[in-house]
Structures are given as structure tokens and as C-alpha cells.
Amino acid sequence: MANEKLLERKLRESVKKLGGWAVKFWVVNLAGFPDRLVLMPGGRFWFVEMKSTGKEPSAIQKLVHGKLRCLGFEVWVIDTQILLDEFLNQLR
């Protein structure tokens with residue numbers, strides 16, 4: 001079981017080591033956007049929703065994630081160290 005805050009800290013630190021930036025992302029007037037916008041060299045970026053192990057995104061989060069994906073954006077939902085490692089491997 002992984003805690004959301006622990007996974008989020010590991011994400012921030014790992015992305016920074018890879019030369020990127022994992023920005024806390026808040027859209028004030030629209031609920032459901034992913035927690036982080038991960039920005040990498042070369043103009044690459046991903047939306048990332050962090051969750052504690054076993055927790056699922058809320059209904060509004062799933063709706064927003066779906067809209068983002070329909071627009072062609074990549075959205076990751078990470079709730080385990082294994083998923084975090086998979087995501088980080090994609091950044092390399």
C-alpha cells in the first residue's frame with residue numbers, strides 16, 4: 001500500500017532528477033483536473049493523477065480525464081510504486 005503524498009513526493013523528486021518539472025496543477029474554476037502536470041525537455045508533457053493504493057479517481061475526475069484523452073492528451077493515474085516506475089521509464 002502506498003500513500004498518495006509519498007508517491008507524489010517520489011514523482012516530484014524523480015522527475016526533477018530527469019531534468020523535468022512536476023507542477024502542482026489547480027484549475028480554480030473546474031473540478032476534476034489531474035494533480036500534476038509533468039513537463040519534460042523537448043516539450044513533452046503528461047497529466048498525472050496521484051492516488052493512494054486502491055483509490056480510484058472520482059466521477060468528475062474520470063470525466064475530465066476522459067475529455068483530456070479525447071483531445072489527445074495522455075493522462076496517467078498512479079496509485080502504486082510499480083505504476084510510478086512505469087511512468088518514469090516512459091520519461092527516459
# chains A, B, ... in the order shown; residues from 1 in each chain; ligands from 1
$ select_by_dssp --residues "chain A" --states "helix (DSSP H, G or I)" --output "PDB file with N, CA and C atoms, in the first residue's frame"
ATOM      1  N   GLU A   4      -0.641   8.486  -1.067  1.00  0.00           N
ATOM      2  CA  GLU A   4      -0.633   9.449  -2.161  1.00  0.00           C
ATOM      3  C   GLU A   4       0.477  10.486  -2.002  1.00  0.00           C
ATOM      4  N   LYS A   5       0.648  11.011  -0.795  1.00  0.00           N
ATOM      5  CA  LYS A   5       1.670  12.043  -0.573  1.00  0.00           C
ATOM      6  C   LYS A   5       3.076  11.494  -0.809  1.00  0.00           C
ATOM      7  N   LEU A   6       3.321  10.264  -0.390  1.00  0.00           N
ATOM      8  CA  LEU A   6       4.629   9.639  -0.603  1.00  0.00           C
ATOM      9  C   LEU A   6       4.886   9.441  -2.102  1.00  0.00           C
ATOM     10  N   LEU A   7       3.898   8.906  -2.816  1.00  0.00           N
ATOM     11  CA  LEU A   7       4.056   8.721  -4.257  1.00  0.00           C
ATOM     12  C   LEU A   7       4.260  10.050  -4.964  1.00  0.00           C
ATOM     13  N   GLU A   8       3.535  11.078  -4.532  1.00  0.00           N
ATOM     14  CA  GLU A   8       3.664  12.389  -5.161  1.00  0.00           C
ATOM     15  C   GLU A   8       5.059  12.972  -4.933  1.00  0.00           C
ATOM     16  N   ARG A   9       5.599  12.801  -3.738  1.00  0.00           N
ATOM     17  CA  ARG A   9       6.955  13.282  -3.454  1.00  0.00           C
ATOM     18  C   ARG A   9       7.978  12.545  -4.318  1.00  0.00           C
ATOM     19  N   LYS A  10       7.818  11.221  -4.424  1.00  0.00           N
ATOM     20  CA  LYS A  10       8.731  10.437  -5.260  1.00  0.00           C
ATOM     21  C   LYS A  10       8.629  10.870  -6.723  1.00  0.00           C
ATOM     22  N   LEU A  11       7.419  11.162  -7.183  1.00  0.00           N
ATOM     23  CA  LEU A  11       7.237  11.650  -8.549  1.00  0.00           C
ATOM     24  C   LEU A  11       7.996  12.952  -8.750  1.00  0.00           C
ATOM     25  N   ARG A  12       7.782  13.927  -7.870  1.00  0.00           N
ATOM     26  CA  ARG A  12       8.451  15.231  -7.983  1.00  0.00           C
ATOM     27  C   ARG A  12       9.961  15.083  -8.012  1.00  0.00           C
ATOM     28  N   GLU A  13      10.495  14.320  -7.063  1.00  0.00           N
ATOM     29  CA  GLU A  13      11.946  14.156  -6.959  1.00  0.00           C
ATOM     30  C   GLU A  13      12.523  13.439  -8.178  1.00  0.00           C
ATOM     31  N   SER A  14      11.841  12.398  -8.632  1.00  0.00           N
ATOM     32  CA  SER A  14      12.347  11.618  -9.770  1.00  0.00           C
ATOM     33  C   SER A  14      12.297  12.415 -11.058  1.00  0.00           C
ATOM     34  N   VAL A  15      11.208  13.145 -11.265  1.00  0.00           N
ATOM     35  CA  VAL A  15      11.089  13.967 -12.470  1.00  0.00           C
ATOM     36  C   VAL A  15      12.175  15.046 -12.473  1.00  0.00           C
ATOM     37  N   LYS A  16      12.428  15.635 -11.323  1.00  0.00           N
ATOM     38  CA  LYS A  16      13.474  16.664 -11.222  1.00  0.00           C
ATOM     39  C   LYS A  16      14.838  16.074 -11.588  1.00  0.00           C
ATOM     40  N   LYS A  17      15.136  14.863 -11.093  1.00  0.00           N
ATOM     41  CA  LYS A  17      16.411  14.212 -11.413  1.00  0.00           C
ATOM     42  C   LYS A  17      16.553  13.942 -12.905  1.00  0.00           C
ATOM     43  N   ALA A  59     -15.840  10.473  -9.867  1.00  0.00           N
ATOM     44  CA  ALA A  59     -16.610  10.518 -11.118  1.00  0.00           C
ATOM     45  C   ALA A  59     -16.237  11.740 -11.944  1.00  0.00           C
ATOM     46  N   ILE A  60     -16.105  12.899 -11.314  1.00  0.00           N
ATOM     47  CA  ILE A  60     -15.761  14.118 -12.054  1.00  0.00           C
ATOM     48  C   ILE A  60     -14.337  14.022 -12.604  1.00  0.00           C
ATOM     49  N   GLN A  61     -13.425  13.414 -11.830  1.00  0.00           N
ATOM     50  CA  GLN A  61     -12.059  13.224 -12.324  1.00  0.00           C
ATOM     51  C   GLN A  61     -12.049  12.303 -13.539  1.00  0.00           C
ATOM     52  N   LYS A  62     -12.804  11.218 -13.486  1.00  0.00           N
ATOM     53  CA  LYS A  62     -12.880  10.298 -14.628  1.00  0.00           C
ATOM     54  C   LYS A  62     -13.432  11.011 -15.856  1.00  0.00           C
ATOM     55  N   LEU A  63     -14.423  11.860 -15.666  1.00  0.00           N
ATOM     56  CA  LEU A  63     -14.999  12.619 -16.770  1.00  0.00           C
ATOM     57  C   LEU A  63     -13.955  13.546 -17.398  1.00  0.00           C
ATOM     58  N   VAL A  64     -13.241  14.302 -16.561  1.00  0.00           N
ATOM     59  CA  VAL A  64     -12.216  15.223 -17.061  1.00  0.00           C
ATOM     60  C   VAL A  64     -11.082  14.456 -17.723  1.00  0.00           C
ATOM     61  N   HIS A  65     -10.642  13.356 -17.121  1.00  0.00           N
ATOM     62  CA  HIS A  65      -9.581  12.544 -17.720  1.00  0.00           C
ATOM     63  C   HIS A  65     -10.013  12.055 -19.098  1.00  0.00           C
ATOM     64  N   GLY A  66     -11.268  11.624 -19.205  1.00  0.00           N
ATOM     65  CA  GLY A  66     -11.793  11.166 -20.489  1.00  0.00           C
ATOM     66  C   GLY A  66     -11.790  12.271 -21.535  1.00  0.00           C
ATOM     67  N   LYS A  67     -12.187  13.477 -21.130  1.00  0.00           N
ATOM     68  CA  LYS A  67     -12.180  14.606 -22.063  1.00  0.00           C
ATOM     69  C   LYS A  67     -10.762  14.928 -22.518  1.00  0.00           C
ATOM     70  N   LEU A  68      -9.818  14.906 -21.582  1.00  0.00           N
ATOM     71  CA  LEU A  68      -8.421  15.166 -21.938  1.00  0.00           C
ATOM     72  C   LEU A  68      -7.911  14.116 -22.923  1.00  0.00           C
ATOM     73  N   ARG A  69      -8.233  12.855 -22.662  1.00  0.00           N
ATOM     74  CA  ARG A  69      -7.790  11.774 -23.555  1.00  0.00           C
ATOM     75  C   ARG A  69      -8.419  11.908 -24.935  1.00  0.00           C
ATOM     76  N   CYS A  70      -9.692  12.312 -24.989  1.00  0.00           N
ATOM     77  CA  CYS A  70     -10.354  12.524 -26.285  1.00  0.00           C
ATOM     78  C   CYS A  70      -9.682  13.633 -27.084  1.00  0.00           C
ATOM     79  N   GLN A  81       3.770   2.033  -6.513  1.00  0.00           N
ATOM     80  CA  GLN A  81       5.171   2.262  -6.905  1.00  0.00           C
ATOM     81  C   GLN A  81       5.437   1.661  -8.281  1.00  0.00           C
ATOM     82  N   ILE A  82       4.805   0.538  -8.579  1.00  0.00           N
ATOM     83  CA  ILE A  82       5.002  -0.115  -9.877  1.00  0.00           C
ATOM     84  C   ILE A  82       4.535   0.809 -11.011  1.00  0.00           C
ATOM     85  N   LEU A  83       3.351   1.412 -10.862  1.00  0.00           N
ATOM     86  CA  LEU A  83       2.857   2.336 -11.882  1.00  0.00           C
ATOM     87  C   LEU A  83       3.740   3.575 -11.976  1.00  0.00           C
ATOM     88  N   LEU A  84       4.217   4.056 -10.834  1.00  0.00           N
ATOM     89  CA  LEU A  84       5.118   5.206 -10.845  1.00  0.00           C
ATOM     90  C   LEU A  84       6.390   4.861 -11.618  1.00  0.00           C
ATOM     91  N   ASP A  85       6.943   3.687 -11.358  1.00  0.00           N
ATOM     92  CA  ASP A  85       8.149   3.260 -12.080  1.00  0.00           C
ATOM     93  C   ASP A  85       7.896   3.149 -13.594  1.00  0.00           C
ATOM     94  N   GLU A  86       6.732   2.607 -13.974  1.00  0.00           N
ATOM     95  CA  GLU A  86       6.375   2.509 -15.397  1.00  0.00           C
ATOM     96  C   GLU A  86       6.312   3.891 -16.028  1.00  0.00           C
ATOM     97  N   PHE A  87       5.686   4.833 -15.317  1.00  0.00           N
ATOM     98  CA  PHE A  87       5.581   6.186 -15.832  1.00  0.00           C
ATOM     99  C   PHE A  87       6.968   6.807 -15.994  1.00  0.00           C
ATOM    100  N   LEU A  88       7.799   6.682 -14.967  1.00  0.00           N
ATOM    101  CA  LEU A  88       9.146   7.267 -15.004  1.00  0.00           C
ATOM    102  C   LEU A  88       9.976   6.660 -16.132  1.00  0.00           C
ATOM    103  N   ASN A  89       9.808   5.370 -16.403  1.00  0.00           N
ATOM    104  CA  ASN A  89      10.527   4.735 -17.515  1.00  0.00           C
ATOM    105  C   ASN A  89      10.115   5.339 -18.856  1.00  0.00           C
ATOM    106  N   GLN A  90       8.861   5.761 -18.966  1.00  0.00           N
ATOM    107  CA  GLN A  90       8.396   6.394 -20.193  1.00  0.00           C
ATOM    108  C   GLN A  90       9.069   7.752 -20.406  1.00  0.00           C
ATOM    109  N   LEU A  91       9.442   8.410 -19.318  1.00  0.00           N
ATOM    110  CA  LEU A  91      10.056   9.739 -19.419  1.00  0.00           C
ATOM    111  C   LEU A  91      11.493   9.680 -19.916  1.00  0.00           C
TER     112      LEU A  91
END
$ select_by_dssp --residues "chain A" --states "strand (DSSP E)" --output "ChimeraX atom specification"
/A:21-24,36-40,44-50,75-78
$ closest_residue --among "A:Leu71, A:Met1, A:Val77, A:Ala22" --to "Leu37 of chain A" --atoms "only C-alpha atoms"
A:Ala22
$ atom_distance --atom1 "atom CA of Phe33 of chain A" --atom2 "atom CA of Gly20 of chain A"
20.2 Å
$ closest_residue --among "A:Lys55, A:Gly19, A:Ala2, A:Phe73" --to "Gly42 of chain A" --atoms "only C-alpha atoms"
A:Gly19
$ residues_around --residues "Trp46 of chain A" --least-positions-apart "4" --cutoff "7 Å" --atoms "only C-alpha atoms" --output "number ranges by chain"
A: 37-39, 74-75
$ write_last_selection --atoms "N, CA, C and O atoms" --output "compact mmCIF listing (two decimals), in the first residue's frame"
# COMPACT_ATOMS: atom_id res chain seq x y z
N LEU A 37 1.04 18.30 -13.58
CA LEU A 37 1.42 18.43 -14.98
C LEU A 37 2.91 18.18 -15.01
O LEU A 37 3.69 18.91 -14.38
N VAL A 38 3.32 17.11 -15.67
CA VAL A 38 4.73 16.74 -15.74
C VAL A 38 5.29 17.27 -17.05
O VAL A 38 4.83 16.90 -18.14
N LEU A 39 6.27 18.17 -16.92
CA LEU A 39 6.89 18.83 -18.06
C LEU A 39 8.32 18.32 -18.21
O LEU A 39 9.09 18.34 -17.26
N GLU A 74 -2.25 12.60 -22.86
CA GLU A 74 -2.01 11.39 -22.08
C GLU A 74 -2.24 11.70 -20.61
O GLU A 74 -1.69 12.67 -20.07
N VAL A 75 -3.06 10.87 -19.96
CA VAL A 75 -3.37 11.03 -18.54
C VAL A 75 -3.00 9.72 -17.84
O VAL A 75 -3.49 8.66 -18.22
$ closest_residue --among "A:Trp21, A:Met40, A:Ala31, A:Asn3" --to "Ser52 of chain A" --atoms "only C-alpha atoms"
A:Asn3
$ decode --residues "chain A" --atoms "C-alpha atoms" --output "compact mmCIF listing (two decimals), in the first residue's frame"
# COMPACT_ATOMS: atom_id res chain seq x y z
CA MET A 1 0.00 0.00 0.00
CA ALA A 2 1.35 3.39 -0.99
CA ASN A 3 0.29 6.74 0.37
CA GLU A 4 -0.63 9.45 -2.16
CA LYS A 5 1.67 12.04 -0.57
CA LEU A 6 4.63 9.64 -0.60
CA LEU A 7 4.06 8.72 -4.26
CA GLU A 8 3.66 12.39 -5.16
CA ARG A 9 6.96 13.28 -3.45
CA LYS A 10 8.73 10.44 -5.26
CA LEU A 11 7.24 11.65 -8.55
CA ARG A 12 8.45 15.23 -7.98
CA GLU A 13 11.95 14.16 -6.96
CA SER A 14 12.35 11.62 -9.77
CA VAL A 15 11.09 13.97 -12.47
CA LYS A 16 13.47 16.66 -11.22
CA LYS A 17 16.41 14.21 -11.41
CA LEU A 18 15.42 13.50 -15.03
CA GLY A 19 15.57 17.22 -15.83
CA GLY A 20 11.85 17.89 -15.74
CA TRP A 21 9.26 19.56 -13.56
CA ALA A 22 6.19 18.01 -11.90
CA VAL A 23 3.99 21.06 -11.35
CA LYS A 24 1.05 21.02 -8.94
CA PHE A 25 -1.86 21.79 -11.23
CA TRP A 26 -5.01 23.50 -9.93
CA VAL A 27 -7.76 24.76 -12.18
CA VAL A 28 -9.68 27.08 -9.90
CA ASN A 29 -13.00 27.11 -11.72
CA LEU A 30 -13.10 23.49 -12.93
CA ALA A 31 -13.01 20.43 -10.69
CA GLY A 32 -11.52 17.10 -11.69
CA PHE A 33 -8.24 18.07 -13.37
CA PRO A 34 -5.25 15.79 -12.63
CA ASP A 35 -2.98 16.67 -9.69
CA ARG A 36 0.22 17.22 -11.63
CA LEU A 37 1.42 18.43 -14.98
CA VAL A 38 4.73 16.74 -15.74
CA LEU A 39 6.89 18.83 -18.06
CA MET A 40 9.97 17.33 -19.69
CA PRO A 41 12.70 18.62 -22.00
CA GLY A 42 11.73 18.67 -25.65
CA GLY A 43 8.23 19.98 -24.97
CA ARG A 44 6.90 16.65 -23.72
CA PHE A 45 4.22 16.66 -21.02
CA TRP A 46 1.71 14.45 -19.24
CA PHE A 47 -1.20 14.91 -16.88
CA VAL A 48 -0.79 12.76 -13.75
CA GLU A 49 -3.41 11.95 -11.11
CA MET A 50 -1.89 10.62 -7.88
CA LYS A 51 -3.91 8.31 -5.61
CA SER A 52 -3.29 6.15 -2.56
CA THR A 53 -3.13 2.46 -3.45
CA GLY A 54 -6.57 1.12 -4.31
CA LYS A 55 -8.24 4.54 -4.52
CA GLU A 56 -9.94 5.39 -7.80
CA PRO A 57 -10.50 8.80 -9.34
CA SER A 58 -13.84 10.40 -8.52
CA ALA A 59 -16.61 10.52 -11.12
CA ILE A 60 -15.76 14.12 -12.05
CA GLN A 61 -12.06 13.22 -12.32
CA LYS A 62 -12.88 10.30 -14.63
CA LEU A 63 -15.00 12.62 -16.77
CA VAL A 64 -12.22 15.22 -17.06
CA HIS A 65 -9.58 12.54 -17.72
CA GLY A 66 -11.79 11.17 -20.49
CA LYS A 67 -12.18 14.61 -22.06
CA LEU A 68 -8.42 15.17 -21.94
CA ARG A 69 -7.79 11.77 -23.55
CA CYS A 70 -10.35 12.52 -26.29
CA LEU A 71 -8.36 15.67 -27.05
CA GLY A 72 -5.25 13.52 -27.46
CA PHE A 73 -3.58 14.17 -24.11
CA GLU A 74 -2.01 11.39 -22.08
CA VAL A 75 -3.37 11.03 -18.54
CA TRP A 76 -1.80 8.67 -16.00
CA VAL A 77 -3.46 7.59 -12.76
CA ILE A 78 -0.74 6.38 -10.39
CA ASP A 79 -1.55 4.55 -7.16
CA THR A 80 1.39 2.17 -6.76
CA GLN A 81 5.17 2.26 -6.90
CA ILE A 82 5.00 -0.11 -9.88
CA LEU A 83 2.86 2.34 -11.88
CA LEU A 84 5.12 5.21 -10.84
CA ASP A 85 8.15 3.26 -12.08
CA GLU A 86 6.38 2.51 -15.40
CA PHE A 87 5.58 6.19 -15.83
CA LEU A 88 9.15 7.27 -15.00
CA ASN A 89 10.53 4.73 -17.51
CA GLN A 90 8.40 6.39 -20.19
CA LEU A 91 10.06 9.74 -19.42
CA ARG A 92 13.57 8.44 -20.08
